[in-house]
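Engineer: So here's query_20.txt (compact mmCIF, C-alpha atoms and all ligand atoms).
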# COMPACT_ATOMS: atom_id res chain seq x y z
CA MET L 1414 -58.71 -28.15 32.24
CA LYS L 1415 -60.01 -25.90 29.46
CA ALA L 1416 -58.30 -26.17 26.07
CA VAL L 1417 -58.79 -25.50 22.39
CA PHE L 1418 -58.58 -28.71 20.35
CA PHE L 1419 -59.85 -30.29 17.14
CA GLU L 1420 -61.37 -33.73 16.58
CA LYS L 1421 -61.09 -33.60 12.77
CA HIS L 1422 -58.97 -31.59 10.35
CA GLY L 1423 -60.49 -28.61 8.54
CA GLY L 1424 -61.07 -24.86 8.65
CA PRO L 1425 -60.98 -22.61 11.74
CA ASP L 1426 -64.46 -23.84 12.72
CA VAL L 1427 -63.03 -27.26 13.76
CA LEU L 1428 -61.29 -25.55 16.71
CA LYS L 1429 -63.35 -26.29 19.81
CA TYR L 1430 -63.03 -24.70 23.24
CA GLY L 1431 -63.94 -27.23 25.91
CA THR L 1432 -62.79 -29.55 28.67
CA PHE L 1433 -59.73 -31.72 28.03
CA ARG L 1434 -58.02 -34.26 30.29
CA ASP L 1435 -55.46 -32.72 32.68
CA PRO L 1436 -51.80 -33.44 31.81
CA SER L 1437 -50.03 -36.00 34.00
CA LEU L 1438 -46.85 -35.19 35.95
CA GLU L 1439 -43.95 -37.67 35.66
CA ALA L 1440 -40.78 -37.51 37.80
CA ASN L 1441 -38.86 -35.32 35.30
CA ASP L 1442 -41.82 -33.16 34.29
CA VAL L 1443 -42.76 -29.59 35.01
CA LEU L 1444 -46.44 -28.66 35.15
CA ILE L 1445 -46.97 -25.18 33.71
CA ASP L 1446 -49.88 -22.80 34.19
CA ILE L 1447 -50.01 -21.47 30.61
CA LYS L 1448 -50.47 -17.71 30.53
CA ALA L 1449 -49.97 -17.22 26.79
CA CYS L 1450 -49.44 -19.25 23.64
CA ALA L 1451 -48.44 -17.64 20.33
CA LEU L 1452 -49.73 -18.77 16.96
CA ASN L 1453 -47.41 -19.90 14.18
CA HIS L 1454 -48.39 -20.58 10.59
CA LEU L 1455 -47.63 -24.21 11.49
CA ASP L 1456 -50.82 -24.22 13.59
CA ILE L 1457 -52.83 -23.70 10.40
CA TRP L 1458 -51.05 -26.60 8.65
CA VAL L 1459 -51.59 -28.81 11.73
CA ARG L 1460 -55.29 -27.90 11.89
CA GLN L 1461 -55.76 -28.48 8.13
CA GLY L 1462 -53.76 -31.74 8.17
CA LEU L 1463 -50.30 -32.26 6.70
CA PRO L 1464 -49.72 -34.82 3.94
CA GLY L 1465 -47.84 -37.84 5.32
CA VAL L 1466 -48.17 -36.67 8.95
CA SER L 1467 -50.63 -38.54 11.13
CA ILE L 1468 -51.80 -36.57 14.18
CA PRO L 1469 -53.66 -38.53 16.88
CA LEU L 1470 -57.02 -36.84 17.56
CA PRO L 1471 -58.29 -34.99 19.51
CA HIS L 1472 -55.32 -32.67 19.23
CA ILE L 1473 -54.31 -29.42 20.98
CA PRO L 1474 -52.19 -27.21 18.68
CA GLY L 1475 -49.70 -24.53 19.79
CA SER L 1476 -45.88 -24.50 19.91
CA ASP L 1477 -45.01 -21.29 21.78
CA VAL L 1478 -45.83 -21.47 25.49
CA ALA L 1479 -45.10 -18.96 28.26
CA GLY L 1480 -46.33 -19.37 31.82
CA ILE L 1481 -45.63 -20.09 35.48
CA VAL L 1482 -44.43 -23.35 37.04
CA LEU L 1483 -47.35 -24.86 38.98
CA ASP L 1484 -45.68 -28.07 40.15
CA THR L 1485 -42.58 -30.19 39.54
CA GLY L 1486 -41.97 -33.94 39.40
CA LYS L 1487 -39.88 -35.43 42.21
CA ALA L 1488 -36.67 -35.62 40.13
CA VAL L 1489 -36.74 -31.95 39.03
CA ARG L 1490 -34.11 -29.75 40.72
CA ARG L 1491 -33.56 -26.90 38.23
CA LEU L 1492 -37.02 -25.30 38.47
CA LYS L 1493 -39.47 -24.49 41.25
CA LYS L 1494 -43.08 -23.48 41.73
CA GLY L 1495 -43.67 -19.85 40.68
CA ASP L 1496 -40.83 -19.62 38.11
CA ARG L 1497 -41.65 -17.65 34.93
CA VAL L 1498 -40.78 -19.86 31.97
CA VAL L 1499 -41.02 -20.49 28.25
CA VAL L 1500 -40.95 -23.92 26.62
CA ALA L 1501 -38.55 -24.94 23.85
CA PRO L 1502 -40.78 -25.72 20.85
CA GLY L 1503 -38.24 -28.17 19.37
CA GLN L 1504 -37.59 -31.24 21.48
CA ILE L 1505 -35.50 -34.41 21.24
CA PRO L 1506 -35.14 -37.15 23.82
CA GLY L 1507 -31.82 -37.28 25.69
CA HIS L 1508 -29.93 -35.28 28.27
CA LEU L 1509 -29.55 -31.52 28.45
CA LYS L 1510 -25.79 -31.66 27.82
CA GLU L 1511 -26.27 -33.68 24.62
CA ALA L 1512 -28.94 -31.31 23.40
CA LEU L 1513 -26.74 -28.28 24.03
CA GLU L 1514 -23.91 -29.82 22.04
CA SER L 1515 -25.97 -31.27 19.25
CA GLN L 1516 -27.75 -29.78 16.32
CA ASP L 1517 -31.16 -30.95 17.48
CA SER L 1518 -33.17 -30.03 14.41
CA PHE L 1519 -30.97 -32.27 12.21
CA SER L 1520 -31.92 -35.26 14.38
CA PRO L 1521 -34.53 -37.70 13.03
CA GLU L 1522 -35.96 -37.72 16.58
CA PHE L 1523 -36.61 -33.95 16.54
CA GLN L 1524 -40.21 -33.18 17.53
CA ILE L 1525 -42.21 -29.97 17.55
CA LEU L 1526 -44.49 -29.11 20.47
CA GLY L 1527 -48.07 -28.96 19.20
CA LEU L 1528 -47.27 -31.05 16.13
CA GLN L 1529 -46.04 -34.43 17.35
CA THR L 1530 -47.18 -33.71 20.93
CA GLN L 1531 -50.19 -31.99 22.51
CA GLY L 1532 -49.59 -28.23 22.42
CA GLY L 1533 -50.19 -24.99 24.24
CA TYR L 1534 -53.75 -23.86 23.41
CA ALA L 1535 -54.67 -24.90 26.95
CA GLU L 1536 -54.65 -23.86 30.58
CA LYS L 1537 -51.90 -26.31 31.51
CA ILE L 1538 -49.12 -28.36 29.97
CA SER L 1539 -46.68 -30.89 31.39
CA VAL L 1540 -43.21 -30.89 29.80
CA ASN L 1541 -39.91 -32.63 30.53
CA ASP L 1542 -37.86 -30.12 32.55
CA ARG L 1543 -35.10 -30.14 29.89
CA PHE L 1544 -37.33 -28.09 27.62
CA VAL L 1545 -38.37 -25.50 30.19
CA ILE L 1546 -36.36 -22.25 30.29
CA PRO L 1547 -36.67 -19.54 32.97
CA VAL L 1548 -37.23 -16.00 31.69
CA SER L 1549 -37.12 -12.59 33.39
CA GLU L 1550 -39.86 -10.04 34.02
CA LYS L 1551 -38.52 -7.85 31.18
CA TYR L 1552 -41.52 -8.79 29.05
CA SER L 1553 -45.13 -9.88 29.56
CA PHE L 1554 -46.10 -13.54 29.04
CA GLU L 1555 -47.73 -12.55 25.73
CA GLU L 1556 -44.44 -11.04 24.56
CA TRP L 1557 -42.33 -13.97 25.77
CA ALA L 1558 -44.66 -16.41 23.98
CA SER L 1559 -44.02 -14.44 20.75
CA VAL L 1560 -40.35 -15.31 20.75
CA PRO L 1561 -39.27 -18.96 20.62
CA LEU L 1562 -40.29 -20.70 17.37
CA ALA L 1563 -40.17 -17.81 14.90
CA SER L 1564 -37.05 -16.13 16.33
CA LEU L 1565 -35.19 -19.43 16.61
CA THR L 1566 -36.06 -20.21 12.98
CA ALA L 1567 -34.91 -16.78 11.77
CA TYR L 1568 -31.66 -17.10 13.76
CA HIS L 1569 -30.92 -20.58 12.40
CA MET L 1570 -31.64 -19.42 8.84
CA LEU L 1571 -29.53 -16.27 8.88
CA VAL L 1572 -26.72 -17.15 11.30
CA SER L 1573 -26.24 -20.91 11.06
CA ARG L 1574 -27.39 -21.72 7.53
CA ALA L 1575 -26.84 -18.61 5.36
CA GLY L 1576 -23.93 -17.21 7.41
CA LEU L 1577 -25.08 -13.62 6.81
CA LYS L 1578 -22.12 -11.21 7.09
CA PRO L 1579 -21.79 -7.50 7.92
CA GLY L 1580 -22.14 -5.36 4.79
CA GLU L 1581 -24.15 -7.96 2.86
CA THR L 1582 -27.64 -7.21 1.58
CA VAL L 1583 -30.47 -9.58 2.47
CA LEU L 1584 -33.97 -9.69 1.01
CA ILE L 1585 -36.41 -10.80 3.73
CA HIS L 1586 -39.89 -11.79 2.60
CA ALA L 1587 -43.00 -10.71 4.52
CA ALA L 1588 -41.85 -8.24 7.16
CA GLY L 1589 -45.09 -8.86 9.05
CA SER L 1590 -44.68 -12.63 9.29
CA GLY L 1591 -43.47 -14.14 12.55
CA VAL L 1592 -40.23 -15.30 10.97
CA GLY L 1593 -39.74 -12.12 8.89
CA SER L 1594 -40.24 -9.73 11.82
CA ALA L 1595 -37.54 -11.56 13.81
CA ALA L 1596 -35.25 -11.88 10.77
CA ILE L 1597 -35.20 -8.12 10.11
CA GLN L 1598 -33.94 -7.45 13.63
CA ILE L 1599 -31.36 -10.25 13.52
CA ALA L 1600 -30.05 -9.19 10.10
CA LYS L 1601 -29.66 -5.57 11.25
CA PHE L 1602 -27.81 -6.70 14.38
CA LEU L 1603 -25.47 -8.74 12.16
CA GLY L 1604 -24.65 -5.56 10.23
CA ALA L 1605 -26.49 -6.38 7.01
CA ARG L 1606 -28.56 -4.08 4.83
CA VAL L 1607 -32.20 -5.24 4.83
CA LEU L 1608 -34.66 -5.12 1.95
CA THR L 1609 -38.05 -6.49 2.89
CA THR L 1610 -41.46 -7.04 1.28
CA VAL L 1611 -45.01 -6.37 2.48
CA GLY L 1612 -48.38 -7.15 0.91
CA ASP L 1613 -50.11 -4.09 2.34
CA TYR L 1614 -49.00 -0.47 2.67
CA LYS L 1615 -50.28 -0.52 6.30
CA LYS L 1616 -47.30 -2.75 7.16
CA VAL L 1617 -44.64 -0.36 5.77
CA ALA L 1618 -44.22 1.82 8.87
CA ARG L 1619 -43.84 -1.16 11.22
CA ALA L 1620 -41.31 -2.80 8.88
CA LYS L 1621 -39.23 0.39 8.95
CA LYS L 1622 -39.56 0.60 12.74
CA LEU L 1623 -38.08 -2.91 13.01
CA GLY L 1624 -35.03 -1.62 11.13
CA ALA L 1625 -35.66 -2.45 7.47
CA ASP L 1626 -33.68 -0.15 5.16
CA GLU L 1627 -36.03 -0.56 2.20
CA VAL L 1628 -39.63 -1.82 2.13
CA ILE L 1629 -41.00 -3.16 -1.16
CA LEU L 1630 -44.77 -3.27 -1.76
CA TYR L 1631 -44.56 -6.37 -3.94
CA LYS L 1632 -48.13 -6.08 -5.24
CA ALA L 1633 -47.28 -2.70 -6.77
CA LYS L 1634 -43.68 -3.37 -7.82
CA ASP L 1635 -41.72 -6.43 -8.98
CA PHE L 1636 -39.59 -7.28 -5.91
CA SER L 1637 -36.81 -8.79 -8.01
CA GLU L 1638 -36.46 -5.66 -10.15
CA GLU L 1639 -36.51 -3.58 -6.97
CA ALA L 1640 -33.82 -5.77 -5.39
CA LYS L 1641 -31.65 -5.21 -8.48
CA ARG L 1642 -32.37 -1.47 -8.58
CA LEU L 1643 -31.58 -1.04 -4.89
CA THR L 1644 -28.24 -2.85 -5.30
CA ASP L 1645 -27.16 -0.97 -8.46
CA GLY L 1646 -27.91 -4.00 -10.62
CA LYS L 1647 -25.76 -6.40 -8.57
CA GLY L 1648 -28.45 -8.33 -6.67
CA VAL L 1649 -28.58 -9.37 -3.02
CA GLU L 1650 -26.21 -11.82 -1.30
CA VAL L 1651 -28.98 -13.60 0.64
CA VAL L 1652 -32.70 -14.19 0.10
CA PHE L 1653 -34.68 -15.23 3.20
CA ASP L 1654 -37.72 -17.12 1.89
CA HIS L 1655 -40.68 -18.98 3.36
CA ILE L 1656 -43.26 -18.28 0.66
CA GLY L 1657 -42.39 -20.96 -1.94
CA PRO L 1658 -43.56 -21.09 -5.57
CA GLU L 1659 -44.97 -17.54 -5.63
CA THR L 1660 -41.54 -16.04 -4.96
CA TRP L 1661 -39.17 -18.79 -6.15
CA GLN L 1662 -38.15 -17.69 -9.66
CA LYS L 1663 -37.87 -14.04 -8.69
CA ASN L 1664 -35.84 -15.01 -5.63
CA LEU L 1665 -33.26 -16.63 -7.86
CA SER L 1666 -33.10 -13.63 -10.16
CA SER L 1667 -32.77 -11.29 -7.13
CA LEU L 1668 -29.50 -12.99 -6.13
CA THR L 1669 -26.03 -11.84 -7.03
CA ARG L 1670 -23.46 -14.36 -8.31
CA GLY L 1671 -22.54 -16.72 -5.47
CA GLY L 1672 -25.70 -15.71 -3.57
CA ARG L 1673 -27.54 -17.90 -1.03
CA LEU L 1674 -31.25 -18.64 -0.95
CA VAL L 1675 -32.29 -19.90 2.47
CA THR L 1676 -35.82 -21.25 2.92
CA CYS L 1677 -37.90 -22.62 5.77
CA GLY L 1678 -41.38 -22.61 4.30
CA ALA L 1679 -43.81 -23.27 1.50
CA THR L 1680 -46.77 -21.03 2.36
CA SER L 1681 -47.88 -20.70 -1.27
CA GLY L 1682 -47.42 -24.41 -2.17
CA PRO L 1683 -44.91 -27.24 -2.01
CA LYS L 1684 -43.34 -27.45 -5.51
CA VAL L 1685 -40.94 -25.21 -7.43
CA GLU L 1686 -38.93 -25.46 -10.65
CA ILE L 1687 -35.22 -24.85 -10.98
CA GLU L 1688 -33.36 -23.82 -14.12
CA VAL L 1689 -30.21 -25.84 -13.47
CA ARG L 1690 -28.02 -23.92 -15.93
CA TYR L 1691 -28.94 -20.66 -14.20
CA LEU L 1692 -28.18 -22.20 -10.79
CA TYR L 1693 -24.68 -23.36 -11.65
CA SER L 1694 -23.64 -20.49 -13.86
CA LYS L 1695 -24.49 -18.01 -11.09
CA GLN L 1696 -23.03 -20.40 -8.45
CA ILE L 1697 -26.11 -20.08 -6.25
CA SER L 1698 -26.55 -22.06 -3.03
CA ILE L 1699 -29.99 -23.23 -1.92
CA LEU L 1700 -30.22 -23.93 1.82
CA GLY L 1701 -33.08 -25.65 3.61
CA SER L 1702 -33.65 -24.72 7.24
CA TYR L 1703 -35.74 -26.34 9.97
CA MET L 1704 -36.26 -24.46 13.25
CA GLY L 1705 -32.99 -24.72 15.24
CA SER L 1706 -31.22 -26.26 18.20
CA PHE L 1707 -31.77 -25.84 21.94
CA ALA L 1708 -28.40 -24.08 22.18
CA GLU L 1709 -29.47 -21.61 19.48
CA LEU L 1710 -32.73 -21.00 21.35
CA LEU L 1711 -30.77 -20.12 24.51
CA GLN L 1712 -28.74 -17.65 22.45
CA VAL L 1713 -31.94 -16.11 21.02
CA LEU L 1714 -33.39 -15.74 24.52
CA ARG L 1715 -30.15 -14.09 25.71
CA TRP L 1716 -30.48 -11.61 22.83
CA VAL L 1717 -34.05 -10.89 23.90
CA GLU L 1718 -32.97 -10.35 27.53
CA LYS L 1719 -30.25 -7.94 26.28
CA GLY L 1720 -32.67 -6.04 24.02
CA ILE L 1721 -30.90 -7.05 20.77
CA LEU L 1722 -34.09 -8.74 19.62
CA SER L 1723 -37.57 -7.63 20.74
CA PRO L 1724 -40.86 -9.51 20.58
CA THR L 1725 -43.13 -8.22 17.80
CA LEU L 1726 -46.64 -8.54 19.15
CA ASP L 1727 -49.62 -8.21 16.80
CA GLN L 1728 -52.88 -8.90 18.67
CA VAL L 1729 -53.87 -10.81 21.80
CA PHE L 1730 -57.04 -12.97 21.76
CA PRO L 1731 -58.67 -14.86 24.66
CA LEU L 1732 -57.95 -18.60 24.34
CA LYS L 1733 -61.56 -19.38 23.51
CA GLU L 1734 -61.31 -17.11 20.41
CA ALA L 1735 -58.60 -19.23 18.79
CA ALA L 1736 -60.69 -19.62 15.61
CA GLU L 1737 -60.84 -15.81 15.16
CA ALA L 1738 -57.08 -15.66 15.75
CA HIS L 1739 -56.54 -18.29 13.03
CA LEU L 1740 -58.71 -16.28 10.63
CA ARG L 1741 -56.62 -13.16 11.23
CA MET L 1742 -53.48 -15.11 10.34
CA GLU L 1743 -55.04 -16.79 7.30
CA ASN L 1744 -56.22 -13.39 6.06
CA ARG L 1745 -52.62 -12.10 6.34
CA GLN L 1746 -53.67 -9.26 8.65
CA ASN L 1747 -51.03 -9.81 11.32
CA PHE L 1748 -47.85 -7.83 11.72
CA GLY L 1749 -45.83 -10.00 14.07
CA LYS L 1750 -47.20 -12.55 16.46
CA ILE L 1751 -50.82 -13.28 17.29
CA VAL L 1752 -51.11 -14.58 20.86
CA LEU L 1753 -53.78 -16.47 22.80
CA LYS L 1754 -54.16 -15.56 26.47
CA THR L 1755 -55.68 -17.94 29.00
N1 LIG J 1801 -39.12 -24.80 8.70
C1 LIG J 1801 -39.28 -24.16 9.83
O1 LIG J 1801 -38.56 -24.41 10.77
C2 LIG J 1801 -40.33 -23.09 9.95
C3 LIG J 1801 -40.42 -22.34 11.13
C4 LIG J 1801 -41.32 -21.27 11.16
C5 LIG J 1801 -42.13 -21.01 10.07
N2 LIG J 1801 -42.04 -21.80 8.97
C6 LIG J 1801 -42.90 -21.54 7.80
O2 LIG J 1801 -42.67 -20.19 7.39
C7 LIG J 1801 -43.88 -19.63 6.88
C8 LIG J 1801 -44.20 -18.35 7.66
O3 LIG J 1801 -44.54 -18.68 8.99
P1 LIG J 1801 -45.04 -17.55 10.02
O4 LIG J 1801 -45.54 -18.25 11.22
O5 LIG J 1801 -43.99 -16.53 10.16
O6 LIG J 1801 -46.28 -16.96 9.15
P2 LIG J 1801 -47.24 -15.73 9.33
O7 LIG J 1801 -46.90 -14.94 10.57
O8 LIG J 1801 -48.62 -16.23 9.14
O9 LIG J 1801 -46.87 -14.80 8.06
C9 LIG J 1801 -47.11 -15.22 6.75
C10 LIG J 1801 -47.05 -13.98 5.82
O10 LIG J 1801 -46.53 -14.38 4.55
C11 LIG J 1801 -47.00 -13.46 3.57
N3 LIG J 1801 -47.42 -14.20 2.36
C12 LIG J 1801 -46.90 -14.03 1.14
N4 LIG J 1801 -47.46 -14.86 0.27
C13 LIG J 1801 -48.39 -15.55 0.94
C14 LIG J 1801 -49.33 -16.53 0.54
N5 LIG J 1801 -49.42 -17.00 -0.72
N6 LIG J 1801 -50.16 -17.03 1.50
C15 LIG J 1801 -50.09 -16.59 2.78
N7 LIG J 1801 -49.21 -15.64 3.19
C16 LIG J 1801 -48.37 -15.13 2.27
C17 LIG J 1801 -48.17 -12.68 4.20
O11 LIG J 1801 -47.72 -11.34 4.42
P3 LIG J 1801 -47.97 -10.23 3.25
O12 LIG J 1801 -49.43 -10.35 2.90
O13 LIG J 1801 -47.58 -8.94 3.88
O14 LIG J 1801 -47.09 -10.64 2.13
C18 LIG J 1801 -48.42 -13.40 5.52
O15 LIG J 1801 -48.90 -12.54 6.52
C19 LIG J 1801 -44.94 -20.73 7.01
O16 LIG J 1801 -45.02 -21.44 5.80
C20 LIG J 1801 -44.38 -21.61 8.10
O17 LIG J 1801 -44.87 -22.94 8.06
C21 LIG J 1801 -41.16 -22.83 8.89
Represent the structure contained in this file as structure tokens.
Ligand SMILES: NC(=O)c1ccc[n+]([C@@H]2O[C@H](COP(=O)([O-])OP(=O)(O)OC[C@H]3O[C@@H](n4cnc5c(N)ncnc54)[C@H](OP(=O)(O)O)[C@@H]3O)[C@@H](O)[C@H]2O)c1

Structural biologist:
Amino acid sequence: MKAVFFEKHGGPDVLKYGTFRDPSLEANDVLIDIKACALNHLDIWVRQGLPGVSIPLPHIPGSDVAGIVLDTGKAVRRLKKGDRVVVAPGQIPGHLKEALESQDSFSPEFQILGLQTQGGYAEKISVNDRFVIPVSEKYSFEEWASVPLASLTAYHMLVSRAGLKPGETVLIHAAGSGVGSAAIQIAKFLGARVLTTVGDYKKVARAKKLGADEVILYKAKDFSEEAKRLTDGKGVEVVFDHIGPETWQKNLSSLTRGGRLVTCGATSGPKVEIEVRYLYSKQISILGSYMGSFAELLQVLRWVEKGILSPTLDQVFPLKEAAEAHLRMENRQNFGKIVLKT
């Protein structure tokens, strides 16, 4: 099959389009004809190489797969040839019932498609049927591929970790990011007031269209001062962060007393400083968040089917132009999800 893979870590130029061995089909596997695979910022980290994470090479990145079932292993009953499906990006061994009841992403066995396993920048993929979820014709494959990883992460952060409540104000960083564009919609559905940031005025209109109440151009204005001004000096109840050191101190000063800072990312670097006296005197909670469970993903997909949450598609590239797609993401040009189409 054709795939995009890398044989060494590095810049976008290490991504090669070429022939890769076909995936095998075990008894419990589903072979999928991949129609679309969305990019996540994770794909850039995987391509560059992550400290302490060894990735067997050559490696196919890509965590967000949508496609059609081509074939099923002899033990598979739940799915059949021709089904439209997406693949759960977070996977743990075990049975479906256990996964539904557990909090998968807290498990030490939790794996991410395209990080610990070969991913979706390819024509085909073979996945254990537990991780394959049928979807309707409501959206195109490109739109369905835009949903799983980022929307699941935003859901887990706001619903399960921060416990965002109606009437609270949340500051969501980077409206145009995959996670931010999903978070705005989820926070509005939960009844919160949404302040969001963008790095470019061209992203303001789309942020408002997603439902943001206030959009802060953080290069022109201090987002923390704006968060205070827009809450009459009180500060926000929740900050949704994935930027890291560049936003850290101002995140803390944007929070009201008893506020929660929930974070899933470190785009601007891995280390931050904390003024402990400030933390305890304002009774702030800092919450780490890592993707989410299979059960949460099913809930997210139900919300998408019902129209509560919509895919935010940026641009579609042919699979062989994966390097250009990576450049668009690295240059922070995307609003929503960049998708590769086979
Ligand atoms: N832990 C988890 O489970 C999990 C899951 C998903 C994502 N993440 C992490 O969350 C982060 C966002 O992921 P994503 O896929 O949503 O990213 P994305 O679509 O590439 O969006 C990133 C956006 O962040 C903004 N940004 C602000 N400061 C930045 C900086 N110093 N460098 C680069 N971008 C900066 C940019 O928008 P503006 O220019 O408009 O500010 C940029 O477009 C990544 O670090 C990712 O690894 C973690």

Engineer: Restricting the calculation to all atoms listed in the file, which member of L:Ala1633, L:Leu1577, L:Ile1538, L:Leu1492 is positioned closest to Ala1416 (chain L)?

Structural biologist: L:Ile1538

Engineer: Which protein, DNA or RNA residues have an atom within 6 Å of ligand LIG 1801 (chain J), counting only C-alpha atoms and all ligand atoms, as a ChimeraX atom specification?

Structural biologist: /L:1453-1455,1563,1566,1587,1589-1592,1611-1613,1655-1656,1677-1681,1702-1704,1742,1745,1747

Engineer: Would you kindly return, as a list in words, each protein, DNA or RNA residue with an atom no farther than 10 Å from any atom of Gln1504 (chain L), considering all atoms listed in the file and excluding same-chain residues fewer than 3 positions away?

Structural biologist: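 That gives Val1500, Ala1501, Gly1507, Ala1512, Asp1517, Ser1518, Ser1520, Glu1522, Phe1523, Gln1524, Ile1525, Leu1526, Gln1529, Thr1530, Asn1541, Arg1543, Phe1544, Ser1706 and Phe1707 of chain L.
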
Engineer: Extract, using only C-alpha atoms, all DNA, RNA and protein residues at most 12 Å from Lys1601 (chain L), discarding same-chain residues fewer than 3 positions from it, and format them as a ChimeraX atom specification.

Structural biologist: /L:1568,1571-1572,1577-1585,1594-1598,1604-1609,1621-1626,1721-1722

Engineer: Might you pull out every residue within 8 Å of region 1478-1487 of chain L, with only C-alpha atoms counted and same-chain residues fewer than 6 positions away left off, and present them as a list in words?

Structural biologist: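 Those residues are Leu1438, Glu1439, Ala1440, Asn1441, Asp1442, Val1443, Leu1444, Ile1445, Asp1446, Ile1447, Lys1448, Ala1449, Cys1450, Ala1451, Lys1493, Lys1494, Gly1495, Asp1496, Arg1497, Val1498, Val1499, Val1500, Gly1533, Phe1554, Glu1555, Trp1557 and Ala1558 of chain L.
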
Engineer: Using only C-alpha atoms, which of the listed residues (L:Leu1711, L:Val1459, L:Val1652, L:Leu1732) sits closest to Val1545 (chain L)?

Structural biologist: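 Among the listed residues, L:Leu1711 lies closest to Val1545 (chain L).
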
Engineer: Please provide as a list in words all residues within 8 Å of Leu1710 (chain L), with the sequence filter that same-chain residues fewer than 5 positions apart are discarded (counting all atoms listed in the file).

Structural biologist: Ala1501, Pro1561, Leu1565 and Gly1705 of chain L

Engineer: What separation in Å, quoted to one decimal, exists between CA of Leu1668 (chain L) and CA of Asp1635 (chain L)?

Structural biologist: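 Rounded to one decimal, the two atoms are 14.2 Å apart.
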
Engineer: For the point (-43.2, -2.7, 7.7) in the file's frame, write as a PyMOL selection string all residues with an atom no more than 6 Å away, counting only C-alpha atoms.

Structural biologist: chain L and resi 1588+1616-1621

Engineer: Mind dumping the selected residues with C-alpha atoms as a tab-separated table (two decimals), keeping the file's coordinate frame?

Structural biologist:
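Below is the file that was written, again.tsv:
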chain	number	residue	atom	x	y	z
L	1588	ALA	CA	-41.85	-8.24	7.16
L	1616	LYS	CA	-47.30	-2.75	7.16
L	1617	VAL	CA	-44.64	-0.36	5.77
L	1618	ALA	CA	-44.22	1.82	8.87
L	1619	ARG	CA	-43.84	-1.16	11.22
L	1620	ALA	CA	-41.31	-2.80	8.88
L	1621	LYS	CA	-39.23	0.39	8.95

Engineer: CA of Thr1755 (chain L) to CA of Gly1475 (chain L): how many Å, to one decimal?

Structural biologist: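 So the answer is 12.8 Å.
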
Engineer: Check the smallest atom-to-atom distance from each of L:Gly1720, L:Leu1643, L:His1586, L:Tyr1691 to Thr1660 (chain L) using only C-alpha atoms, then report the winner.

Structural biologist: L:His1586

Engineer: Quick one: of L:Glu1420, L:Glu1536, L:Glu1639, L:Asp1426, who's nearest to Leu1740 (chain L), counting only C-alpha atoms?

Structural biologist: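 Smallest separation from Leu1740 (chain L) among the options: L:Asp1426.
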
Engineer: So which one's closest to Ser1476 (chain L), L:Phe1519, L:Phe1602, L:Tyr1534, L:Phe1419? Using only C-alpha atoms, please.

Structural biologist: L:Tyr1534

Engineer: Which residue, L:Ala1488, L:Ala1735, L:Val1752, L:Leu1562, has the smallest gap to Pro1425 (chain L) when you use only C-alpha atoms?

Structural biologist: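 Using only C-alpha atoms, the shortest distance to Pro1425 (chain L) belongs to L:Ala1735.
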
Engineer: At a cut-off of 12 Å, using all atoms listed in the file, what residues contact Ala1736 (chain L)? Leave out same-chain residues fewer than 6 positions from it and give the result as a list of chain:residue names.

Structural biologist: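 Those residues are L:Val1417, L:Phe1418, L:Phe1419, L:Gly1423, L:Gly1424, L:Pro1425, L:Asp1426, L:Val1427, L:Leu1428, L:Lys1429, L:Tyr1430, L:Leu1452, L:Asp1456, L:Ile1457, L:Arg1460, L:Pro1474, L:Tyr1534, L:Phe1730, L:Met1742, L:Glu1743, L:Ile1751, L:Leu1753.
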